[in-house]
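Asks: This structure is in structure tokens; I'll ask about it shortly.
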Amino acid sequence: MPIYEYSCQECGMRFELLRSFQDSDAGILCPECESARIERVLSAFSTGGCGGGAGAGRFT
Ligand SMILES: [Zn+2]
């Protein structure tokens, strides 16, 4: 399961969450101020669509 990094637009808090692909941005609240204004930050560890990862597991 991928780790997503999020940044709160209200207080600037940055935090990481393990999310499945289906509900990656659904219902996330800032753990600091409980704001729903959350923006996902793309980290270097995020798995993009390009570049076949050997042994990473394929979905189709
Ligand atoms: Zn916040």
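Convention: chains lettered A, B, ... in structure tokens order; per-chain residue numbering from 1; ligands numbered from 1 as shown.
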Taking a cut-off of 9 Å and counting only C-alpha atoms and all ligand atoms, can you build a table that, for each residue of chain A near ligand 1, reports the nearest atom pair and how far apart they are in Å (one decimal), sorted by chain then residue number, as CSV?
Replies:
residue,atom,partner,partner_atom_place_in_ligand_line,distance
A:Ser7,CA,ligand 1,1 (Zn),7.9
A:Cys8,CA,ligand 1,1 (Zn),4.6
A:Gln9,CA,ligand 1,1 (Zn),6.6
A:Glu10,CA,ligand 1,1 (Zn),4.9
A:Cys11,CA,ligand 1,1 (Zn),4.1
A:Gly12,CA,ligand 1,1 (Zn),6.0
A:Met13,CA,ligand 1,1 (Zn),5.3
A:Arg14,CA,ligand 1,1 (Zn),8.3
A:Leu29,CA,ligand 1,1 (Zn),7.8
A:Cys30,CA,ligand 1,1 (Zn),4.6
A:Pro31,CA,ligand 1,1 (Zn),6.7
A:Glu32,CA,ligand 1,1 (Zn),4.9
A:Cys33,CA,ligand 1,1 (Zn),4.2
A:Glu34,CA,ligand 1,1 (Zn),5.9
A:Ser35,CA,ligand 1,1 (Zn),5.4
A:Ala36,CA,ligand 1,1 (Zn),8.1
A:Arg37,CA,ligand 1,1 (Zn),7.8
A:Ile38,CA,ligand 1,1 (Zn),7.9
Asks: Store the residues picked out above, limited to N, CA and C atoms, as a PDB file, in the first residue's frame.
Replies:
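Printed below is result_24.pdb as written:
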ATOM      1  N   SER A   7      -0.465  17.833   2.882  1.00  0.00           N
ATOM      2  CA  SER A   7      -0.169  19.113   3.499  1.00  0.00           C
ATOM      3  C   SER A   7      -1.475  19.838   3.771  1.00  0.00           C
ATOM      4  N   CYS A   8      -1.653  20.301   4.988  1.00  0.00           N
ATOM      5  CA  CYS A   8      -2.858  21.031   5.352  1.00  0.00           C
ATOM      6  C   CYS A   8      -2.759  22.475   4.874  1.00  0.00           C
ATOM      7  N   GLN A   9      -3.808  22.927   4.202  1.00  0.00           N
ATOM      8  CA  GLN A   9      -3.802  24.287   3.666  1.00  0.00           C
ATOM      9  C   GLN A   9      -4.141  25.316   4.734  1.00  0.00           C
ATOM     10  N   GLU A  10      -4.612  24.864   5.854  1.00  0.00           N
ATOM     11  CA  GLU A  10      -4.984  25.789   6.923  1.00  0.00           C
ATOM     12  C   GLU A  10      -3.799  26.097   7.846  1.00  0.00           C
ATOM     13  N   CYS A  11      -3.169  25.063   8.328  1.00  0.00           N
ATOM     14  CA  CYS A  11      -2.125  25.275   9.340  1.00  0.00           C
ATOM     15  C   CYS A  11      -0.737  24.868   8.848  1.00  0.00           C
ATOM     16  N   GLY A  12      -0.681  24.263   7.655  1.00  0.00           N
ATOM     17  CA  GLY A  12       0.617  23.908   7.101  1.00  0.00           C
ATOM     18  C   GLY A  12       1.174  22.596   7.622  1.00  0.00           C
ATOM     19  N   MET A  13       0.387  21.892   8.401  1.00  0.00           N
ATOM     20  CA  MET A  13       0.814  20.607   8.933  1.00  0.00           C
ATOM     21  C   MET A  13       1.048  19.607   7.803  1.00  0.00           C
ATOM     22  N   ARG A  14       2.143  18.905   7.872  1.00  0.00           N
ATOM     23  CA  ARG A  14       2.404  17.848   6.880  1.00  0.00           C
ATOM     24  C   ARG A  14       2.376  16.511   7.586  1.00  0.00           C
ATOM     25  N   LEU A  29      -8.847  14.422   7.139  1.00  0.00           N
ATOM     26  CA  LEU A  29      -8.862  15.643   7.928  1.00  0.00           C
ATOM     27  C   LEU A  29      -7.479  15.856   8.531  1.00  0.00           C
ATOM     28  N   CYS A  30      -7.116  17.095   8.670  1.00  0.00           N
ATOM     29  CA  CYS A  30      -5.839  17.424   9.278  1.00  0.00           C
ATOM     30  C   CYS A  30      -5.821  16.963  10.732  1.00  0.00           C
ATOM     31  N   PRO A  31      -4.801  16.228  11.129  1.00  0.00           N
ATOM     32  CA  PRO A  31      -4.708  15.760  12.515  1.00  0.00           C
ATOM     33  C   PRO A  31      -4.441  16.889  13.496  1.00  0.00           C
ATOM     34  N   GLU A  32      -4.049  18.021  12.988  1.00  0.00           N
ATOM     35  CA  GLU A  32      -3.735  19.153  13.857  1.00  0.00           C
ATOM     36  C   GLU A  32      -4.938  20.055  14.083  1.00  0.00           C
ATOM     37  N   CYS A  33      -5.576  20.475  12.994  1.00  0.00           N
ATOM     38  CA  CYS A  33      -6.670  21.437  13.109  1.00  0.00           C
ATOM     39  C   CYS A  33      -7.990  20.893  12.570  1.00  0.00           C
ATOM     40  N   GLU A  34      -7.975  19.654  12.103  1.00  0.00           N
ATOM     41  CA  GLU A  34      -9.171  18.980  11.594  1.00  0.00           C
ATOM     42  C   GLU A  34      -9.798  19.690  10.403  1.00  0.00           C
ATOM     43  N   SER A  35      -8.993  20.405   9.677  1.00  0.00           N
ATOM     44  CA  SER A  35      -9.478  21.017   8.451  1.00  0.00           C
ATOM     45  C   SER A  35      -9.558  19.982   7.340  1.00  0.00           C
ATOM     46  N   ALA A  36     -10.498  20.179   6.434  1.00  0.00           N
ATOM     47  CA  ALA A  36     -10.636  19.279   5.294  1.00  0.00           C
ATOM     48  C   ALA A  36      -9.875  19.799   4.085  1.00  0.00           C
ATOM     49  N   ARG A  37      -9.239  20.935   4.241  1.00  0.00           N
ATOM     50  CA  ARG A  37      -8.481  21.499   3.120  1.00  0.00           C
ATOM     51  C   ARG A  37      -7.098  20.858   3.069  1.00  0.00           C
ATOM     52  N   ILE A  38      -7.079  19.650   2.545  1.00  0.00           N
ATOM     53  CA  ILE A  38      -5.848  18.874   2.497  1.00  0.00           C
ATOM     54  C   ILE A  38      -5.390  18.738   1.055  1.00  0.00           C
TER      55      ILE A  38
END
Asks: Please provide as a count of residues only all residues within 9 Å of Val41 of chain A, with the sequence filter that same-chain residues fewer than 2 positions apart are discarded (counting only C-alpha atoms).
Replies: 7
